[in-house]
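Student: Could you have a look at this structure, given as structure tokens, before my questions?
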Amino acid sequence: MAEARRTGAEHVAIIMDGNGRWAQARGKPRLYGHHAGAKRVKEIVRACPDIGVKYLTIFAFSTENWKRTQSEVTGLMSLFRRYIQREARDLLAEGVRVRFIGDRLRLDRKLQKLMDELELLTSRNDKVHLTIALNYGGRDEVARATKRLAQDVADGRLDPTKVDEETLPKYLDTCVLPDPDLVIRTSGEARISNFLLWQSAYAEYEFIDTLWPDFTPDIFGGIVRNFAGRERRFGAVLT
């Protein structure tokens, strides 16, 4: 007889949506909302230990976001650089380990260097594992992973007859992370937007109307606590 499992949300992934609409509702430019959203990230990271979240993955910039206006993209890249420079020491002091996932090659070299430095600076931390998806797309990640896997086959390092569903995750950007238990999307949109496609196969989803800058630690905690009561069947039928 299959049994449902009730567990805490050790790994939560968040699609942080609604910054632009939040700003426009206040008569401000979209970048104003992105700055407010960055401040909210800090609060949510700090809330994680108290609600049992060990891993937090946030969707900061997608491979599709390059289609936005040049001014918004430029402003976002500047915001990312400033965020790393401003928050690095606090993240280190608070026990947060930072990782970045996504294709870094399109990002400017200064940003890439800051990302590398922050990962190294926090590499010994273990209180909260913060993963920032930057120039990330789920399909792009799988394509890049498949290329690496194919190269290992071509070079004789991997037997193609041994490839199974446990093999590809070893080549994903998230290979050192557990799969997310819970994926939250703010702003009222009910789609996954190419985020952690492979990893979220059995994640629970929560779509809420709250815009990201209004997503408080209390709201976050309530969602995580409610998650603990869900029955997770992982494809099984309860009898």
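We name chains A, B, ... following the order of the structure tokens; residues begin at 1 in each chain, and ligands are numbered from 1 as shown.
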Determine, counting only C-alpha atoms, which protein, DNA and RNA residues have an atom within 9 Å of an atom of Ala60 of chain A; residues of the same chain fewer than 2 positions away are not included. Present the result as a list of chain:residue names.
Tutor: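 Answer for this query is A:Ile15, A:Met16, A:Ile58, A:Ser62, A:Phe80, A:Ile132, A:Ala133, A:Leu134, A:Asn135, A:Tyr136.
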Student: For Thr146 of chain A, please output as an NGL selection string all residues within 12 Å (counting only C-alpha atoms; exclusion window: fewer than 5 positions along the same chain).
Tutor: :A and (139-141 or 151-153 or 163 or 167-173)
Student: Give me the residues within 8 Å of Asn19 of chain A as a PyMOL selection string, counting only C-alpha atoms and dropping any in the same chain fewer than 6 places off.
Tutor: chain A and resi 30+33-34+36-37+211-213
Student: Restricting it to all heavy atoms, dump the selection as a PDB file, in the first residue's frame.
Tutor:
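Here's the written file out-v5.pdb:
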ATOM      1  N   ARG A  30       9.686  50.995 -13.645  1.00  0.00           N
ATOM      2  CA  ARG A  30       9.777  49.584 -13.303  1.00  0.00           C
ATOM      3  C   ARG A  30      11.000  49.275 -12.439  1.00  0.00           C
ATOM      4  O   ARG A  30      10.943  48.425 -11.549  1.00  0.00           O
ATOM      5  CB  ARG A  30       9.818  48.736 -14.582  1.00  0.00           C
ATOM      6  CG  ARG A  30       8.494  48.714 -15.340  1.00  0.00           C
ATOM      7  CD  ARG A  30       8.615  47.939 -16.648  1.00  0.00           C
ATOM      8  NE  ARG A  30       9.012  46.569 -16.415  1.00  0.00           N
ATOM      9  CZ  ARG A  30       8.170  45.572 -16.118  1.00  0.00           C
ATOM     10  NH1 ARG A  30       6.874  45.815 -15.985  1.00  0.00           N
ATOM     11  NH2 ARG A  30       8.616  44.349 -15.943  1.00  0.00           N
ATOM     12  N   GLY A  33      10.547  49.218  -8.758  1.00  0.00           N
ATOM     13  CA  GLY A  33      10.010  47.969  -8.229  1.00  0.00           C
ATOM     14  C   GLY A  33      11.078  46.905  -8.066  1.00  0.00           C
ATOM     15  O   GLY A  33      11.059  46.130  -7.110  1.00  0.00           O
ATOM     16  N   HIS A  34      12.032  46.865  -9.000  1.00  0.00           N
ATOM     17  CA  HIS A  34      13.103  45.879  -8.886  1.00  0.00           C
ATOM     18  C   HIS A  34      13.973  46.151  -7.658  1.00  0.00           C
ATOM     19  O   HIS A  34      14.421  45.219  -6.991  1.00  0.00           O
ATOM     20  CB  HIS A  34      13.957  45.877 -10.154  1.00  0.00           C
ATOM     21  CG  HIS A  34      13.218  45.378 -11.368  1.00  0.00           C
ATOM     22  ND1 HIS A  34      12.528  44.184 -11.370  1.00  0.00           N
ATOM     23  CD2 HIS A  34      13.065  45.910 -12.617  1.00  0.00           C
ATOM     24  CE1 HIS A  34      11.976  43.998 -12.568  1.00  0.00           C
ATOM     25  NE2 HIS A  34      12.290  45.042 -13.325  1.00  0.00           N
ATOM     26  N   ALA A  36      12.904  47.578  -4.905  1.00  0.00           N
ATOM     27  CA  ALA A  36      12.086  47.150  -3.764  1.00  0.00           C
ATOM     28  C   ALA A  36      12.106  45.631  -3.635  1.00  0.00           C
ATOM     29  O   ALA A  36      12.160  45.088  -2.521  1.00  0.00           O
ATOM     30  CB  ALA A  36      10.658  47.657  -3.927  1.00  0.00           C
ATOM     31  N   GLY A  37      12.076  44.943  -4.768  1.00  0.00           N
ATOM     32  CA  GLY A  37      12.116  43.484  -4.753  1.00  0.00           C
ATOM     33  C   GLY A  37      13.421  42.942  -4.207  1.00  0.00           C
ATOM     34  O   GLY A  37      13.440  41.928  -3.494  1.00  0.00           O
ATOM     35  N   LEU A 211       2.093  40.681  -5.069  1.00  0.00           N
ATOM     36  CA  LEU A 211       3.242  41.093  -5.861  1.00  0.00           C
ATOM     37  C   LEU A 211       4.511  40.923  -5.037  1.00  0.00           C
ATOM     38  O   LEU A 211       4.500  41.079  -3.814  1.00  0.00           O
ATOM     39  CB  LEU A 211       3.080  42.543  -6.312  1.00  0.00           C
ATOM     40  CG  LEU A 211       1.814  42.852  -7.141  1.00  0.00           C
ATOM     41  CD1 LEU A 211       1.738  44.345  -7.454  1.00  0.00           C
ATOM     42  CD2 LEU A 211       1.781  42.034  -8.425  1.00  0.00           C
ATOM     43  N   TRP A 212       5.613  40.623  -5.693  1.00  0.00           N
ATOM     44  CA  TRP A 212       6.821  40.267  -4.960  1.00  0.00           C
ATOM     45  C   TRP A 212       7.243  41.298  -3.909  1.00  0.00           C
ATOM     46  O   TRP A 212       7.582  40.912  -2.783  1.00  0.00           O
ATOM     47  CB  TRP A 212       7.977  39.980  -5.916  1.00  0.00           C
ATOM     48  CG  TRP A 212       9.262  39.743  -5.184  1.00  0.00           C
ATOM     49  CD1 TRP A 212      10.369  40.533  -5.148  1.00  0.00           C
ATOM     50  CD2 TRP A 212       9.544  38.634  -4.306  1.00  0.00           C
ATOM     51  NE1 TRP A 212      11.328  40.010  -4.330  1.00  0.00           N
ATOM     52  CE2 TRP A 212      10.850  38.835  -3.794  1.00  0.00           C
ATOM     53  CE3 TRP A 212       8.829  37.505  -3.904  1.00  0.00           C
ATOM     54  CZ2 TRP A 212      11.444  37.938  -2.906  1.00  0.00           C
ATOM     55  CZ3 TRP A 212       9.417  36.618  -3.016  1.00  0.00           C
ATOM     56  CH2 TRP A 212      10.710  36.836  -2.534  1.00  0.00           C
ATOM     57  N   PRO A 213       7.249  42.600  -4.186  1.00  0.00           N
ATOM     58  CA  PRO A 213       7.673  43.539  -3.134  1.00  0.00           C
ATOM     59  C   PRO A 213       6.786  43.528  -1.897  1.00  0.00           C
ATOM     60  O   PRO A 213       7.198  44.026  -0.836  1.00  0.00           O
ATOM     61  CB  PRO A 213       7.622  44.902  -3.841  1.00  0.00           C
ATOM     62  CG  PRO A 213       7.825  44.581  -5.283  1.00  0.00           C
ATOM     63  CD  PRO A 213       7.075  43.295  -5.473  1.00  0.00           C
TER      64      PRO A 213
END
Student: For Gly137 of chain A, work out the shell of residues within 12 Å, counting only C-alpha atoms and skipping chain neighbours fewer than 3 positions away, then give it as a count of residues only.
Tutor: 28
Student: Contacts of Asn125 of chain A at 10 Å or less, counting only C-alpha atoms, minus same-chain residues fewer than 5 places along, as a compact mmCIF listing (two decimals) with C-alpha atoms, in the first residue's frame?
Tutor:
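Contents of the output file result-v2.txt:
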# COMPACT_ATOMS: atom_id res chain seq x y z
CA LEU A 91 25.48 37.05 3.68
CA LEU A 92 28.82 35.75 4.93
CA ALA A 93 28.13 36.81 8.52
CA GLU A 94 24.63 35.30 8.50
CA GLY A 95 25.80 31.87 7.37
CA VAL A 96 24.30 32.05 3.88
CA ARG A 97 25.99 30.10 1.10
CA VAL A 98 25.35 31.65 -2.29
Student: Looking at A:Ser123, A:Gln199, A:Thr57, A:Asn226, which one is nearest to Ile44 of chain A, with distances taken over only C-alpha atoms?
Tutor: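 That would be A:Thr57, the residue with the smallest distance to Ile44 of chain A.
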Student: Among segment 62-115 of chain A, which ones does DSSP place in helix (DSSP H, G or I), written as a ChimeraX atom specification?
Tutor: /A:65-67,70-93,104-106,109-115
Student: Might you pull out every residue within 9 Å of segment 214-221 of chain A, with only C-alpha atoms counted and same-chain residues fewer than 4 positions away left off, and present them as an mmCIF file with N, CA and C atoms, in the first residue's frame?
Tutor:
data_model
loop_
_atom_site.group_PDB
_atom_site.id
_atom_site.type_symbol
_atom_site.label_atom_id
_atom_site.label_comp_id
_atom_site.auth_asym_id
_atom_site.auth_seq_id
_atom_site.Cartn_x
_atom_site.Cartn_y
_atom_site.Cartn_z
ATOM 1 N N TRP A 22 4.074 46.495 -9.475
ATOM 2 C CA TRP A 22 4.070 47.143 -8.160
ATOM 3 C C TRP A 22 4.531 48.591 -8.293
ATOM 4 N N GLY A 37 12.076 44.943 -4.768
ATOM 5 C CA GLY A 37 12.116 43.484 -4.753
ATOM 6 C C GLY A 37 13.421 42.942 -4.207
ATOM 7 N N ARG A 40 13.339 42.961 -0.557
ATOM 8 C CA ARG A 40 12.490 41.887 -0.039
ATOM 9 C C ARG A 40 13.243 40.570 0.003
ATOM 10 N N GLU A 43 14.992 40.025 3.294
ATOM 11 C CA GLU A 43 14.100 39.653 4.391
ATOM 12 C C GLU A 43 13.692 38.187 4.305
ATOM 13 N N ILE A 44 13.424 37.718 3.096
ATOM 14 C CA ILE A 44 12.985 36.334 2.922
ATOM 15 C C ILE A 44 14.123 35.366 3.245
ATOM 16 N N VAL A 45 15.332 35.702 2.836
ATOM 17 C CA VAL A 45 16.484 34.857 3.166
ATOM 18 C C VAL A 45 16.648 34.767 4.676
ATOM 19 N N ARG A 46 16.533 35.885 5.355
ATOM 20 C CA ARG A 46 16.693 35.898 6.815
ATOM 21 C C ARG A 46 15.603 35.097 7.526
ATOM 22 N N ALA A 47 14.440 34.984 6.897
ATOM 23 C CA ALA A 47 13.324 34.260 7.516
ATOM 24 C C ALA A 47 13.476 32.747 7.397
ATOM 25 N N CYS A 48 14.312 32.278 6.494
ATOM 26 C CA CYS A 48 14.378 30.846 6.200
ATOM 27 C C CYS A 48 14.682 29.954 7.406
ATOM 28 N N ASP A 50 14.117 30.147 10.563
ATOM 29 C CA ASP A 50 13.038 30.033 11.546
ATOM 30 C C ASP A 50 11.872 29.175 11.066
ATOM 31 N N ILE A 51 11.738 29.013 9.756
ATOM 32 C CA ILE A 51 10.617 28.223 9.235
ATOM 33 C C ILE A 51 11.090 26.905 8.612
ATOM 34 N N THR A 186 4.673 34.494 -7.250
ATOM 35 C CA THR A 186 3.902 35.655 -6.817
ATOM 36 C C THR A 186 3.257 36.348 -8.011
ATOM 37 N N THR A 210 -0.195 38.050 -4.437
ATOM 38 C CA THR A 210 0.690 39.071 -3.877
ATOM 39 C C THR A 210 1.838 39.396 -4.823
ATOM 40 N N ARG A 225 4.269 26.649 6.205
ATOM 41 C CA ARG A 225 3.580 25.850 7.231
ATOM 42 C C ARG A 225 2.404 25.079 6.630
ATOM 43 N N ASN A 226 1.665 25.692 5.726
ATOM 44 C CA ASN A 226 0.560 24.984 5.081
ATOM 45 C C ASN A 226 1.054 23.817 4.237
#
Student: If you run DSSP on the backbone here, which positions in segment 34-98 of chain A get strand (DSSP E)? Please write them as an MDAnalysis selection string.
Tutor: chainID A and resid 55:62 96:98
Student: With all heavy atoms retained, export the selected residues as a tab-separated table (two decimals), in the first residue's frame.
Tutor:
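New file part.tsv:
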chain	number	residue	atom	x	y	z
A	55	TYR	N	17.19	25.40	1.89
A	55	TYR	CA	17.58	25.78	0.53
A	55	TYR	C	16.53	26.73	-0.05
A	55	TYR	O	15.34	26.41	-0.04
A	55	TYR	CB	17.71	24.55	-0.37
A	55	TYR	CG	18.76	23.57	0.08
A	55	TYR	CD1	18.44	22.56	0.99
A	55	TYR	CD2	20.07	23.64	-0.40
A	55	TYR	CE1	19.40	21.65	1.42
A	55	TYR	CE2	21.03	22.73	0.01
A	55	TYR	CZ	20.69	21.74	0.92
A	55	TYR	OH	21.65	20.84	1.33
A	56	LEU	N	16.98	27.85	-0.55
A	56	LEU	CA	16.09	28.82	-1.20
A	56	LEU	C	16.66	29.14	-2.57
A	56	LEU	O	17.81	29.57	-2.69
A	56	LEU	CB	15.99	30.10	-0.37
A	56	LEU	CG	15.14	31.22	-0.97
A	56	LEU	CD1	13.66	30.83	-0.99
A	56	LEU	CD2	15.34	32.52	-0.20
A	57	THR	N	15.85	28.92	-3.61
A	57	THR	CA	16.27	29.23	-4.97
A	57	THR	C	15.34	30.28	-5.53
A	57	THR	O	14.12	30.11	-5.51
A	57	THR	CB	16.24	27.96	-5.86
A	57	THR	OG1	17.14	26.99	-5.32
A	57	THR	CG2	16.67	28.29	-7.28
A	58	ILE	N	15.91	31.37	-6.02
A	58	ILE	CA	15.10	32.48	-6.52
A	58	ILE	C	15.41	32.74	-8.00
A	58	ILE	O	16.55	32.64	-8.44
A	58	ILE	CB	15.32	33.76	-5.69
A	58	ILE	CG1	16.79	34.18	-5.68
A	58	ILE	CG2	14.81	33.56	-4.27
A	58	ILE	CD1	17.06	35.51	-5.00
A	59	PHE	N	14.36	33.06	-8.73
A	59	PHE	CA	14.47	33.31	-10.17
A	59	PHE	C	14.65	34.81	-10.36
A	59	PHE	O	13.70	35.58	-10.29
A	59	PHE	CB	13.19	32.83	-10.85
A	59	PHE	CG	13.34	32.49	-12.31
A	59	PHE	CD1	14.54	32.60	-12.97
A	59	PHE	CD2	12.23	32.06	-13.03
A	59	PHE	CE1	14.67	32.26	-14.30
A	59	PHE	CE2	12.34	31.73	-14.37
A	59	PHE	CZ	13.56	31.83	-15.01
A	60	ALA	N	15.89	35.23	-10.61
A	60	ALA	CA	16.20	36.65	-10.69
A	60	ALA	C	16.13	37.21	-12.10
A	60	ALA	O	15.69	38.35	-12.29
A	60	ALA	CB	17.59	36.91	-10.09
A	61	PHE	N	16.58	36.43	-13.09
A	61	PHE	CA	16.61	36.93	-14.48
A	61	PHE	C	16.63	35.72	-15.40
A	61	PHE	O	17.51	34.86	-15.29
A	61	PHE	CB	17.87	37.79	-14.70
A	61	PHE	CG	17.89	38.53	-16.00
A	61	PHE	CD1	17.32	39.80	-16.11
A	61	PHE	CD2	18.48	37.97	-17.12
A	61	PHE	CE1	17.34	40.49	-17.31
A	61	PHE	CE2	18.50	38.65	-18.33
A	61	PHE	CZ	17.93	39.93	-18.42
A	62	SER	N	15.66	35.67	-16.30
A	62	SER	CA	15.54	34.51	-17.17
A	62	SER	C	16.23	34.75	-18.51
A	62	SER	O	16.54	35.90	-18.88
A	62	SER	CB	14.06	34.19	-17.41
A	62	SER	OG	13.50	35.09	-18.34
A	96	VAL	N	24.96	32.36	5.14
A	96	VAL	CA	24.30	32.05	3.88
A	96	VAL	C	25.34	31.65	2.83
A	96	VAL	O	26.31	32.38	2.59
A	96	VAL	CB	23.49	33.25	3.36
A	96	VAL	CG1	22.82	32.91	2.03
A	96	VAL	CG2	22.46	33.68	4.40
A	97	ARG	N	25.15	30.51	2.23
A	97	ARG	CA	25.99	30.10	1.10
A	97	ARG	C	25.27	30.47	-0.19
A	97	ARG	O	24.12	30.08	-0.39
A	97	ARG	CB	26.28	28.61	1.13
A	97	ARG	CG	27.14	28.18	-0.06
A	97	ARG	CD	27.70	26.80	0.06
A	97	ARG	NE	28.61	26.52	-1.04
A	97	ARG	CZ	29.41	25.45	-1.12
A	97	ARG	NH1	29.39	24.55	-0.16
A	97	ARG	NH2	30.21	25.27	-2.16
A	98	VAL	N	25.96	31.18	-1.05
A	98	VAL	CA	25.35	31.65	-2.29
A	98	VAL	C	25.91	30.88	-3.48
A	98	VAL	O	27.12	30.67	-3.60
A	98	VAL	CB	25.61	33.16	-2.50
A	98	VAL	CG1	24.95	33.63	-3.81
A	98	VAL	CG2	25.07	33.96	-1.32
Student: Could you give me, as number ranges by chain, the residues within 9 Å of segment 109-113 of chain A, counting only C-alpha atoms and dropping anything in the same chain fewer than 6 positions from it?
Tutor: A: 77-78, 80-81, 84
